[in-house]
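I have placed the structure first, in the form of structure tokens, so that the comments after it can refer back to it.
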Amino acid sequence: MNTPRRSRRRVVRALGVLATAATVGASVAACSEPADQVPSLGFAIDNVVTTYNANTVEGAATGAVAALGRVLTGMNYVGPSGAPVADTDFGTASVLPGDALTVQYRLNPASVYSDGVPVSCDDLVLAWAAGSGRFTRPGEGGPEPMFDATSRAGYADIDRIDCQPGSKDALVVFKRGRSYLDWRSLFGATELMPAHVAGQAAGVPDVVGAIGSGDADAVGRIADFWNTGWALAPGDLDTAKFPSSGPYKIDSYTEDGGLVLVENDRWWGNKPATSRIVVWPKGSDVQSQLADGDVEVVDIGSGSMAGLDLGGFEVVDEPSRSVEQLVLGTRGVFASADARRAFALCLPRQALYDQLGHPGFDRTDGLGSGVVDSRITAPDTLFHPSAVAAEGGIYTDPDIPGAKAAREDAGESSMTVRVGYLAPDDRRARTVREIAASCEAAGITVEDAGSPDFRPGALGAGDVDAVLAGTAAAAGAAGSSVPTDASFALRSGNGDNAGGFSNRRYDEIVDQLAVDGSLAGRMSLSGEAEAILWDEMPSVPLFDQPRTTAHSSGMHGVVPNPTRSGAGWNMDRWILLR
């Protein structure tokens with residue numbers, strides 16, 4: 001999770017791109033499109049887009065955030081540095097004095113969805129209800145959350161939201177003693193879903209009232225729609241279900257034509273520089289589209305598409321805020337910590353970084369993160385050294401005798417580990433092959449279970465034993481500088497805890513880190529948390545995921561963003577002149 005450093009494979013005018021991002025976009029917004037401007041741009045990403053709702057467990061693992069960040073805007077977005085950036089086009093937030101953290105949100109008076117319904121505090125209330133975990137219903141193993149939300153970080157700390165239905169103002173009051181440090185990251189881009197659509201589909205005209213009164217039946221119907229009602233698949237779309245709060249809206253989605261975003265004529269901010277963007281998700285024939293001139297911007301995991309010809313494109317390779325890692329199950333072959341440690345001991349982590357973790361893969365100058373030894377802290381924090389000390393150099397290189405001993409301690413004469421990932425992905429396929437070759441000597445057989453239909457939920461279902469992915473089991477662009485993203489991904493009860501790991505002390509530490517800003521406290525707690533994780537081994541970090549951003553010559557405004565936002569974070573400023 002290093003602060004990204006860039007390498008150059010071709011002449012990359014990075015500084016020029018950054019400079020023109022502000023100037024060109026602003027000038028185009030103020031006047032008509034130049035005669036030599038290309039009216040439509042193609043944008044290829046390395047993840048599928050199967051839902052409009054990026055906040056479900058499935059949605060968070062897809063490319064919904066990368067594709068829809070300028071379709072569903074919010075109070076903030078994740079900028080290239082990894083930190084949340086306030087989006088004042090959407091609204092403002094200010095802290096009010098008091099014993100409990102209290103934030104006043106004021107939405108832009110002009111804000112309106114593309115269907116003509118005003119954006120309101122109802123949308124904040126729905127986001128809170130979904131992410132808080134407070135609404136449950138009976139399940140086979142006890143109460144289960146109604147909303148299939150990916151994370152409760154921050155939202156579970158909110159006590160109430162004072163909102164008059166339809167109002168542009170909301171008062172968010174946190175629980176006493178739970179002053180969430182990263183509150184500025186809440187209610188961000190793609191997190192605020194249109195409450196009026198959910199309410200209409202669920203037959204609940206007053207979403208705020210139903211949530212406020214705890215009407216289990218009404219909230220349950222809202223949750224059912226929130227979970228699955230915004231599914232996206234190529235074919236005929238009922239566009240009424242997908243109103244936009246950003247400069248673009250969905251026009252169509254087909255196998256041959258991609259996900260087409262067009263200018264939202266009700267957008268109240270600056271006019272987008274280019275009126276049409278076509279998103280090409282994973283599974284598209286990117287090479288053919290490049291050859292046909294249908295793709296101008298590419299944002300993918302470095303090395304994930306072997307043989308991809310980016311000739312004539314300006315290319316930036318850099319490590320991202322997302323940690324490439326193996327998320328392990330906690331049942332089946334990995335039911336015991338000994339079995340998980342046995343697998344970790346046979347992993348060639350240093351060799352994997354040397355061969356697959358370098359930006360560009362043809363470099364030997366040390367650019368990149370190195371082997372990552374902390375799952376929850378970034379190297380650019382003061383408490384990182386105390387966290388990485390827990391690894392102790394034990395798992396950097398394979399320890400075959402140690403792996404055999406741990407396997408035997410687990411009571412296993414041999415082990416078979418199925419590693420799943422979203423395929424095709426050449427870098428991850430190579431990763432699995434390298435791991436298989438290393439672990440064979442320890443009596444551990446590793447099978448490639450990558451699939452074009454793979455979802456992280458396959459781990460909980462027992463269809464695979466490990467997931468090879470980024471932070472929070474995301475297949476493509478992921479991560480930010482907000483530490484709770486990574487720490488909550490291993491907290492019990494969190495939706496993106498794909499392996500079902502549970503440790504009471506770890507949960508207590510994560511909850512404390514979310515509100516404790518003291519350096520001494522964070523140093524102590526981070527070190528203790530990593531010690532627990534290296535002992536229990538619910539996941540194994542490898543290296544900061546390398547990302548490749550490329551664009552055709554003549555493009556202006558493309559600024560690489562190696563976080564979950566991806567390069568599309570400012571797509572409304574892109575312009576191609578020929």
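To be explicit about the labels: the chains of the structure tokens are called A, B, and onward in the order shown, and within each one the residues are counted from 1, while ligands get numbers from 1 in the order they are shown.
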Item to check | Nearby residues (only C-alpha atoms) at most 10 Å from A:Ala389, same-chain spacing under 5 positions excluded, as a ChimeraX atom specification | outcome: /A:373-374,384,527,530-531
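Residues in contact with A:Gly220 at up to 9 Å, not including ones fewer than 3 positions away on its chain and judged by only C-alpha atoms, are Phe135, Thr136, Arg137, Met146, Phe147, Ala202, Asp215, Ala216, Asp217, Ala223, Asp224 and Phe225 of chain A.
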Go ahead and save the picked residues with C-alpha atoms, as a short mmCIF file (atom, residue, chain, number, x, y, z; two decimals), in the first residue's frame.
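Final file, out.cif:
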```cif
data_model
loop_
_atom_site.label_atom_id
_atom_site.label_comp_id
_atom_site.auth_asym_id
_atom_site.auth_seq_id
_atom_site.Cartn_x
_atom_site.Cartn_y
_atom_site.Cartn_z
CA PHE A 135 -31.68 -4.19 10.39
CA THR A 136 -31.76 -7.99 10.64
CA ARG A 137 -34.13 -10.88 10.06
CA MET A 146 -31.38 -7.51 5.71
CA PHE A 147 -29.01 -5.50 3.53
CA ALA A 202 -40.75 -1.86 -2.56
CA ASP A 215 -40.82 -0.99 10.25
CA ALA A 216 -39.28 -4.44 9.67
CA ASP A 217 -41.64 -5.43 6.88
CA ALA A 223 -33.55 -4.23 1.37
CA ASP A 224 -34.67 -6.92 -1.05
CA PHE A 225 -34.67 -4.39 -3.87
#
```
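With only C-alpha atoms as the basis for measurement, A:Ala273 is the residue among A:Ala489, A:Ala273, A:Cys346, A:Glu391 that approaches A:Gln37 most closely.
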Item to check | Which residue of A:Val515, A:Ala127, A:Val540, A:Val71 approaches A:Asp251 most closely, using only C-alpha atoms | outcome: A:Val71
Next on the checklist: Need the shell around A:Leu459: protein/DNA/RNA residues with any atom at most 8 Å away, counting only C-alpha atoms. Skip same-chain ones fewer than 4 positions apart. Format as a ChimeraX atom specification?
Outcome noted: /A:328-329,463-467,498-499
Checklist entry - Could you write out, as a VMD selection string, all the residues of stretch 273-401 of chain A that DSSP marks as strand (DSSP E or B)? => result chain A and resid 276 to 280 297 to 301 313 to 328 371
Residue subset to file, keeping N, CA and C atoms, as a PDB file, in the first residue's frame:
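That gives us selection-v3.pdb:
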```
ATOM      1  N   ARG A 276     -20.205  11.500 -24.603  1.00  0.00           N
ATOM      2  CA  ARG A 276     -20.511  10.069 -24.628  1.00  0.00           C
ATOM      3  C   ARG A 276     -19.258   9.261 -24.286  1.00  0.00           C
ATOM      4  N   ILE A 277     -19.390   8.359 -23.309  1.00  0.00           N
ATOM      5  CA  ILE A 277     -18.314   7.457 -22.920  1.00  0.00           C
ATOM      6  C   ILE A 277     -18.845   6.029 -23.010  1.00  0.00           C
ATOM      7  N   VAL A 278     -18.099   5.150 -23.664  1.00  0.00           N
ATOM      8  CA  VAL A 278     -18.478   3.739 -23.728  1.00  0.00           C
ATOM      9  C   VAL A 278     -17.516   2.944 -22.850  1.00  0.00           C
ATOM     10  N   VAL A 279     -18.057   2.329 -21.802  1.00  0.00           N
ATOM     11  CA  VAL A 279     -17.256   1.508 -20.901  1.00  0.00           C
ATOM     12  C   VAL A 279     -17.248   0.073 -21.419  1.00  0.00           C
ATOM     13  N   TRP A 280     -16.053  -0.470 -21.601  1.00  0.00           N
ATOM     14  CA  TRP A 280     -15.898  -1.858 -22.047  1.00  0.00           C
ATOM     15  C   TRP A 280     -15.424  -2.681 -20.862  1.00  0.00           C
ATOM     16  N   VAL A 297      -8.992   4.928 -23.715  1.00  0.00           N
ATOM     17  CA  VAL A 297      -8.448   4.895 -22.358  1.00  0.00           C
ATOM     18  C   VAL A 297      -8.525   3.461 -21.841  1.00  0.00           C
ATOM     19  N   VAL A 298      -7.431   3.004 -21.223  1.00  0.00           N
ATOM     20  CA  VAL A 298      -7.363   1.653 -20.669  1.00  0.00           C
ATOM     21  C   VAL A 298      -6.923   1.747 -19.217  1.00  0.00           C
ATOM     22  N   ASP A 299      -7.609   1.019 -18.329  1.00  0.00           N
ATOM     23  CA  ASP A 299      -7.252   0.980 -16.905  1.00  0.00           C
ATOM     24  C   ASP A 299      -7.353  -0.469 -16.449  1.00  0.00           C
ATOM     25  N   ILE A 300      -6.205  -1.141 -16.328  1.00  0.00           N
ATOM     26  CA  ILE A 300      -6.194  -2.570 -16.041  1.00  0.00           C
ATOM     27  C   ILE A 300      -5.069  -2.914 -15.066  1.00  0.00           C
ATOM     28  N   GLY A 301      -5.140  -4.114 -14.503  1.00  0.00           N
ATOM     29  CA  GLY A 301      -4.030  -4.631 -13.730  1.00  0.00           C
ATOM     30  C   GLY A 301      -2.856  -4.912 -14.648  1.00  0.00           C
ATOM     31  N   PHE A 313      -0.005   4.449 -27.613  1.00  0.00           N
ATOM     32  CA  PHE A 313      -0.644   4.974 -26.411  1.00  0.00           C
ATOM     33  C   PHE A 313       0.405   5.481 -25.426  1.00  0.00           C
ATOM     34  N   GLU A 314       0.027   6.451 -24.641  1.00  0.00           N
ATOM     35  CA  GLU A 314       0.867   6.896 -23.539  1.00  0.00           C
ATOM     36  C   GLU A 314       0.506   6.055 -22.324  1.00  0.00           C
ATOM     37  N   VAL A 315       1.503   5.450 -21.685  1.00  0.00           N
ATOM     38  CA  VAL A 315       1.286   4.419 -20.676  1.00  0.00           C
ATOM     39  C   VAL A 315       1.917   4.814 -19.341  1.00  0.00           C
ATOM     40  N   VAL A 316       1.177   4.644 -18.271  1.00  0.00           N
ATOM     41  CA  VAL A 316       1.694   4.823 -16.914  1.00  0.00           C
ATOM     42  C   VAL A 316       1.484   3.528 -16.154  1.00  0.00           C
ATOM     43  N   ASP A 317       2.582   2.951 -15.632  1.00  0.00           N
ATOM     44  CA  ASP A 317       2.528   1.780 -14.758  1.00  0.00           C
ATOM     45  C   ASP A 317       2.873   2.238 -13.350  1.00  0.00           C
ATOM     46  N   GLU A 318       2.118   1.785 -12.373  1.00  0.00           N
ATOM     47  CA  GLU A 318       2.407   2.173 -10.996  1.00  0.00           C
ATOM     48  C   GLU A 318       1.753   1.219 -10.009  1.00  0.00           C
ATOM     49  N   PRO A 319       2.358   1.060  -8.821  1.00  0.00           N
ATOM     50  CA  PRO A 319       1.711   0.265  -7.780  1.00  0.00           C
ATOM     51  C   PRO A 319       0.502   1.017  -7.245  1.00  0.00           C
ATOM     52  N   SER A 320      -0.488   0.271  -6.803  1.00  0.00           N
ATOM     53  CA  SER A 320      -1.737   0.899  -6.377  1.00  0.00           C
ATOM     54  C   SER A 320      -1.909   0.839  -4.874  1.00  0.00           C
ATOM     55  N   ARG A 321      -3.043   1.342  -4.427  1.00  0.00           N
ATOM     56  CA  ARG A 321      -3.421   1.280  -3.017  1.00  0.00           C
ATOM     57  C   ARG A 321      -4.075  -0.052  -2.656  1.00  0.00           C
ATOM     58  N   SER A 322      -4.181  -0.934  -3.615  1.00  0.00           N
ATOM     59  CA  SER A 322      -4.804  -2.227  -3.388  1.00  0.00           C
ATOM     60  C   SER A 322      -3.731  -3.300  -3.223  1.00  0.00           C
ATOM     61  N   VAL A 323      -3.817  -4.075  -2.159  1.00  0.00           N
ATOM     62  CA  VAL A 323      -2.832  -5.124  -1.909  1.00  0.00           C
ATOM     63  C   VAL A 323      -3.276  -6.425  -2.571  1.00  0.00           C
ATOM     64  N   GLU A 324      -2.476  -6.914  -3.503  1.00  0.00           N
ATOM     65  CA  GLU A 324      -2.715  -8.233  -4.079  1.00  0.00           C
ATOM     66  C   GLU A 324      -2.512  -9.264  -2.980  1.00  0.00           C
ATOM     67  N   GLN A 325      -3.484 -10.149  -2.793  1.00  0.00           N
ATOM     68  CA  GLN A 325      -3.427 -11.039  -1.640  1.00  0.00           C
ATOM     69  C   GLN A 325      -4.228 -12.301  -1.888  1.00  0.00           C
ATOM     70  N   LEU A 326      -3.996 -13.272  -1.041  1.00  0.00           N
ATOM     71  CA  LEU A 326      -4.782 -14.496  -1.014  1.00  0.00           C
ATOM     72  C   LEU A 326      -5.669 -14.447   0.220  1.00  0.00           C
ATOM     73  N   VAL A 327      -6.969 -14.435   0.003  1.00  0.00           N
ATOM     74  CA  VAL A 327      -7.931 -14.487   1.108  1.00  0.00           C
ATOM     75  C   VAL A 327      -8.305 -15.951   1.293  1.00  0.00           C
ATOM     76  N   LEU A 328      -8.089 -16.471   2.491  1.00  0.00           N
ATOM     77  CA  LEU A 328      -8.263 -17.892   2.746  1.00  0.00           C
ATOM     78  C   LEU A 328      -9.595 -18.178   3.429  1.00  0.00           C
ATOM     79  N   VAL A 371       7.616  -6.768  -1.120  1.00  0.00           N
ATOM     80  CA  VAL A 371       6.672  -7.680  -0.481  1.00  0.00           C
ATOM     81  C   VAL A 371       5.940  -6.932   0.618  1.00  0.00           C
TER      82      VAL A 371
END
```
Item to check | Shell of 7 Å around stretch 290-295 of chain A, only C-alpha atoms, local chain residues under 5 positions omitted, as number ranges by chain | outcome: A: 41-44
Next on the checklist: as a ChimeraX atom specification, please: the residues near A:Phe383 (cut-off 8 Å, only C-alpha atoms, same-chain neighbours under 3 positions excluded).
Outcome noted: /A:377,386-387,519,522-523,526
Next on the checklist: So, with only C-alpha atoms as the atoms that count, which of A:Pro456, A:Pro145, A:His551, A:Asn53 lies closest to A:Leu232?
Outcome noted: A:Asn53
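Using only C-alpha atoms, the shortest contact distance between A:Ala189 and any of A:Asp87, A:Glu508, A:Asp309, A:Asp485 is found at A:Asp87.
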Which residues come within 8 Å of A:Ala344, counting only C-alpha atoms, excluding same-chain residues fewer than 3 positions away, as a CSV table (one decimal) with all heavy atoms, in the first residue's frame?
```csv
chain,number,residue,atom,x,y,z
A,340,ARG,N,-3.8,-23.2,7.4
A,340,ARG,CA,-3.6,-21.9,6.7
A,340,ARG,C,-2.1,-21.5,6.8
A,340,ARG,O,-1.6,-21.0,5.8
A,340,ARG,CB,-4.5,-20.9,7.3
A,340,ARG,CG,-6.0,-21.2,7.1
A,340,ARG,CD,-6.9,-20.0,7.5
A,340,ARG,NE,-6.9,-19.6,8.9
A,340,ARG,CZ,-7.7,-20.1,9.8
A,340,ARG,NH1,-8.6,-21.1,9.5
A,340,ARG,NH2,-7.6,-19.7,11.1
A,341,ARG,N,-1.5,-21.7,7.9
A,341,ARG,CA,-0.1,-21.4,8.1
A,341,ARG,C,0.8,-22.3,7.2
A,341,ARG,O,1.8,-21.9,6.6
A,341,ARG,CB,0.4,-21.5,9.5
A,341,ARG,CG,-0.1,-20.4,10.4
A,341,ARG,CD,0.6,-20.3,11.7
A,341,ARG,NE,0.2,-21.5,12.6
A,341,ARG,CZ,-0.8,-21.5,13.4
A,341,ARG,NH1,-1.5,-20.4,13.6
A,341,ARG,NH2,-1.0,-22.6,14.1
A,347,LEU,N,4.5,-20.4,0.3
A,347,LEU,CA,4.3,-19.4,-0.7
A,347,LEU,C,5.7,-18.7,-1.0
A,347,LEU,O,6.4,-18.3,-0.1
A,347,LEU,CB,3.3,-18.3,-0.3
A,347,LEU,CG,1.9,-18.8,-0.1
A,347,LEU,CD1,1.0,-17.7,0.5
A,347,LEU,CD2,1.3,-19.3,-1.4
A,395,TYR,N,7.7,-15.5,6.6
A,395,TYR,CA,6.9,-15.9,5.4
A,395,TYR,C,7.3,-15.2,4.1
A,395,TYR,O,6.6,-15.3,3.1
A,395,TYR,CB,5.4,-15.6,5.6
A,395,TYR,CG,4.8,-16.3,6.8
A,395,TYR,CD1,4.7,-15.7,8.1
A,395,TYR,CD2,4.4,-17.6,6.7
A,395,TYR,CE1,4.2,-16.4,9.2
A,395,TYR,CE2,3.8,-18.3,7.8
A,395,TYR,CZ,3.7,-17.7,9.0
A,395,TYR,OH,3.2,-18.4,10.1
A,403,ALA,N,6.4,-25.8,6.3
A,403,ALA,CA,5.0,-26.1,5.7
A,403,ALA,C,4.6,-27.5,5.9
A,403,ALA,O,3.4,-27.8,6.3
A,403,ALA,CB,5.0,-25.7,4.2
A,537,MET,N,-3.8,-16.3,10.3
A,537,MET,CA,-3.6,-16.4,8.8
A,537,MET,C,-5.0,-16.4,8.0
A,537,MET,O,-5.2,-17.3,7.2
A,537,MET,CB,-2.8,-17.6,8.4
A,537,MET,CG,-2.0,-17.4,7.1
A,537,MET,SD,-0.7,-16.1,7.2
A,537,MET,CE,0.5,-16.9,8.3
A,540,VAL,N,-3.1,-13.7,3.1
A,540,VAL,CA,-1.7,-13.6,3.0
A,540,VAL,C,-1.4,-12.5,2.0
A,540,VAL,O,-1.8,-12.6,0.8
A,540,VAL,CB,-1.0,-14.9,2.5
A,540,VAL,CG1,0.5,-14.7,2.5
A,540,VAL,CG2,-1.5,-16.1,3.3
```
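Here the question is which of A:Ile161, A:Val78, A:Cys121, A:Val372 gets nearest to A:Val103 using only C-alpha atoms, and that residue is A:Ile161.
With distances restricted to only C-alpha atoms, A:Ser245 is the closest residue to A:Val119 from A:Ser245, A:Ala218, A:Pro97, A:Val208.
One finds atom CA of A:Glu58 at 9.2 Å from atom CA of A:Asn227.
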Next on the checklist: Can you pull out the residues contacting A:Ser284? Cut-off 9 Å, using only C-alpha atoms, and skip same-chain residues under 4 positions away; I want them as JSON, numbers by chain.
Outcome noted: {"A": [44, 255, 256, 258, 280, 288, 289]}
Item to check | Which of stretch 342-543 of chain A fall in helix (DSSP H, G or I), as a PyMOL selection string | outcome: chain A and resi 342-345+349-357+384-388+400-409+426-442+457-460+471-473+484-490+504-513+519-536
Checklist entry - Could you work out how far atom CA of A:Asp115 lies from atom CA of A:Trp574, giving the answer in Å with one decimal? => result 25.0 Å
